[in-house]
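K.L.:
What follows is a single structure, and I will ask about it in a moment.
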Amino acid sequence: MAFSLPSLPYDYAALEPHVDATTMNIHHTKHHQTYVNNLNAALDKFPELKSVGIVDLNKAVNTDKIPADIKTVVRNNGGGHYNHSFFWKIMTNPSNTNGPMGDLKAAIEADFGSVDEMKTKFNAAAAGRFGSGWAWLGVDEAGKLHIESTPNQDNPLMSHLPDTKPLFPVLGLDVWEHAYYLKYQNRRPEYIAAFWNVVNWEQAAENFKAGKEHKVLLDGAPAPKM
Amino acid sequence: MALAMKAQASSLVAGQRRVRSTSGRRAVVTQAALELKAPPYKLDALEPHMSKQTLEFHWGKHHRTYVDNMNKQIAGTPLEGKSLEEIVVASWNNGTPSPVFNNAAQVWNHTFFWESMKPNGGGAPTGALADAIARDFGSFDKFKDEFKQAGLTQFGSGWAWLNADKAGKLSISKSPNAVNPVVEGKTPILTIDVWEHAYYIDVQNRRADFIQTFLDKLVSWDAVAARYAAATK
């Protein structure tokens, strides 16, 4: 079965004023759709890979499970499809956001000192990623939280990339310019600061719980509309 | 490939920069920071093909920030007072770049980009350059296709380039982020910026439209031909 573009769990304007509706529309219907289309086109040549699932496909990046012919296309577009599917769900409209609670909050405080210190590190990773990429909060195999940034559409599932620290993603932020340029232009730090207003901490908590069990939740399936 | 300095000429003398001002009088300036060079046209002059708003951000913010950050990074270091090219090559450090490289190379790349365009640009090259394009790509249309493909397939941020070797042979290349052919030992004669900030205000995700407009309406073939002549001298 081919991969498909998941619906957003909210309307395009739901994240206003922090992420504008036009950006959400173009980001979802153009950029994410293109990753899905390119991935499907590449897998048409190797249809047995279509049933692998997006998470396992990402985990297989830079291994011989992916034919040499399509290794770069799968890395870029399989990465793009996972990253954006993950991203839509990790955000929610501002009135729904609180802050981390329970186990996730405790882990953040244990591993960073405080939520604010975690945000400071995350913000620095996001601002410091030169060119296109993502910033991540994730949990390692031992259950410890880390922050890292990855270039282009790489992500912490791609454990076989030499420069990637493998993590189970808890939070992620797209810092490709297409994610913020219409509203923020060059002012990436402003966009990063605004992101904290739309974080879906319930989803982050579920990601963290799954990650501690060495599971990755997202399978690229359509998300229900709220 | 002029540098981001307003004075006509300069020479380095024992840690100071002796600058000959445009009035002809000599002044001694200690360790002047490199300056942001303006494009050779007003910021609205490329309309409607590239908006004034794009230039205001792209030159006025992005390019300016690269200059400011580079100057901060090199202040008090041996790179201070060097030419931009020297800083780019030194910070590239044979493939293990220092943090200065991203800023210095982006300063160079953007000046090269502004100077690759002109108002009422586009059209086609003539003379020796046109002959070389026909010879090395088959036709001008095939060159445009290949250049466009390079720009489209540079995943993420980066640049597409037309380069010339000393014998006049042309080649197209692409590079990620701040990397440029200069550090790869090549001589570029044309570039297009395909970082999203170069086109997002005007055409959003439609990078192909941006590259097409650049080729059809913006390229300064005069500038490219002059660079070609200099490369093959």
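Each chain of the structure tokens is named A, B, ... in the order shown, its residues numbered from 1; ligands are numbered from 1 in display order.
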Counting only C-alpha atoms, a student should be able to say which residues of chain B come within 6 Å of chain A; what is the right answer, written as a list in words?
P.N.:
Gly156, Ser157, Asn177 and Glu196 of chain B
K.L.:
Name the residues in contact with A:Trp134 at a cut-off of 6 Å, using only C-alpha atoms, excluding same-chain residues fewer than 4 positions from it; report them as JSON, numbers by chain.
P.N.:
{"A": [149, 150, 173, 174, 175]}
K.L.:
As a ChimeraX atom specification, please: all residues of stretch 3-214 of chain A that backbone DSSP puts in alpha helix (DSSP H).
P.N.:
/A:21-26,33-43,54-59,71-73,79-89,102-112,115-128,181-184,188-195,201-212
K.L.:
Per DSSP on the backbone, what are the strand (DSSP E) residues of stretch 96-172 of chain B, as a PyMOL selection string?
P.N.:
chain B and resi 158-164+170-172
K.L.:
If you keep N, CA, C and O atoms, can you produce a file of those selected residues as a short mmCIF file (atom, residue, chain, number, x, y, z; two decimals), in the first residue's frame?
P.N.:
```
data_model
loop_
_atom_site.label_atom_id
_atom_site.label_comp_id
_atom_site.auth_asym_id
_atom_site.auth_seq_id
_atom_site.Cartn_x
_atom_site.Cartn_y
_atom_site.Cartn_z
N GLY B 158 21.28 25.49 -0.43
CA GLY B 158 22.50 25.43 -1.21
C GLY B 158 22.47 26.31 -2.43
O GLY B 158 21.72 27.29 -2.47
N TRP B 159 23.32 25.96 -3.41
CA TRP B 159 23.56 26.82 -4.57
C TRP B 159 23.78 25.94 -5.80
O TRP B 159 24.23 24.80 -5.70
N ALA B 160 23.47 26.50 -6.96
CA ALA B 160 23.86 25.88 -8.22
C ALA B 160 24.83 26.84 -8.92
O ALA B 160 24.70 28.05 -8.79
N TRP B 161 25.78 26.26 -9.66
CA TRP B 161 26.89 27.05 -10.22
C TRP B 161 27.18 26.67 -11.65
O TRP B 161 27.03 25.51 -12.05
N LEU B 162 27.63 27.66 -12.43
CA LEU B 162 28.28 27.40 -13.71
C LEU B 162 29.74 27.79 -13.51
O LEU B 162 30.04 28.87 -13.00
N ASN B 163 30.63 26.86 -13.86
CA ASN B 163 32.06 27.08 -13.66
C ASN B 163 32.80 27.01 -14.98
O ASN B 163 32.33 26.36 -15.92
N ALA B 164 33.98 27.65 -15.01
CA ALA B 164 34.84 27.58 -16.20
C ALA B 164 36.25 27.24 -15.76
O ALA B 164 36.74 27.78 -14.78
N LEU B 170 33.29 24.51 -19.66
CA LEU B 170 32.24 24.84 -18.70
C LEU B 170 31.73 23.60 -18.00
O LEU B 170 31.69 22.52 -18.60
N SER B 171 31.29 23.77 -16.76
CA SER B 171 30.66 22.67 -16.03
C SER B 171 29.65 23.25 -15.06
O SER B 171 29.79 24.39 -14.60
N ILE B 172 28.64 22.47 -14.76
CA ILE B 172 27.62 22.86 -13.79
C ILE B 172 27.85 22.06 -12.52
O ILE B 172 28.20 20.87 -12.59
#
```
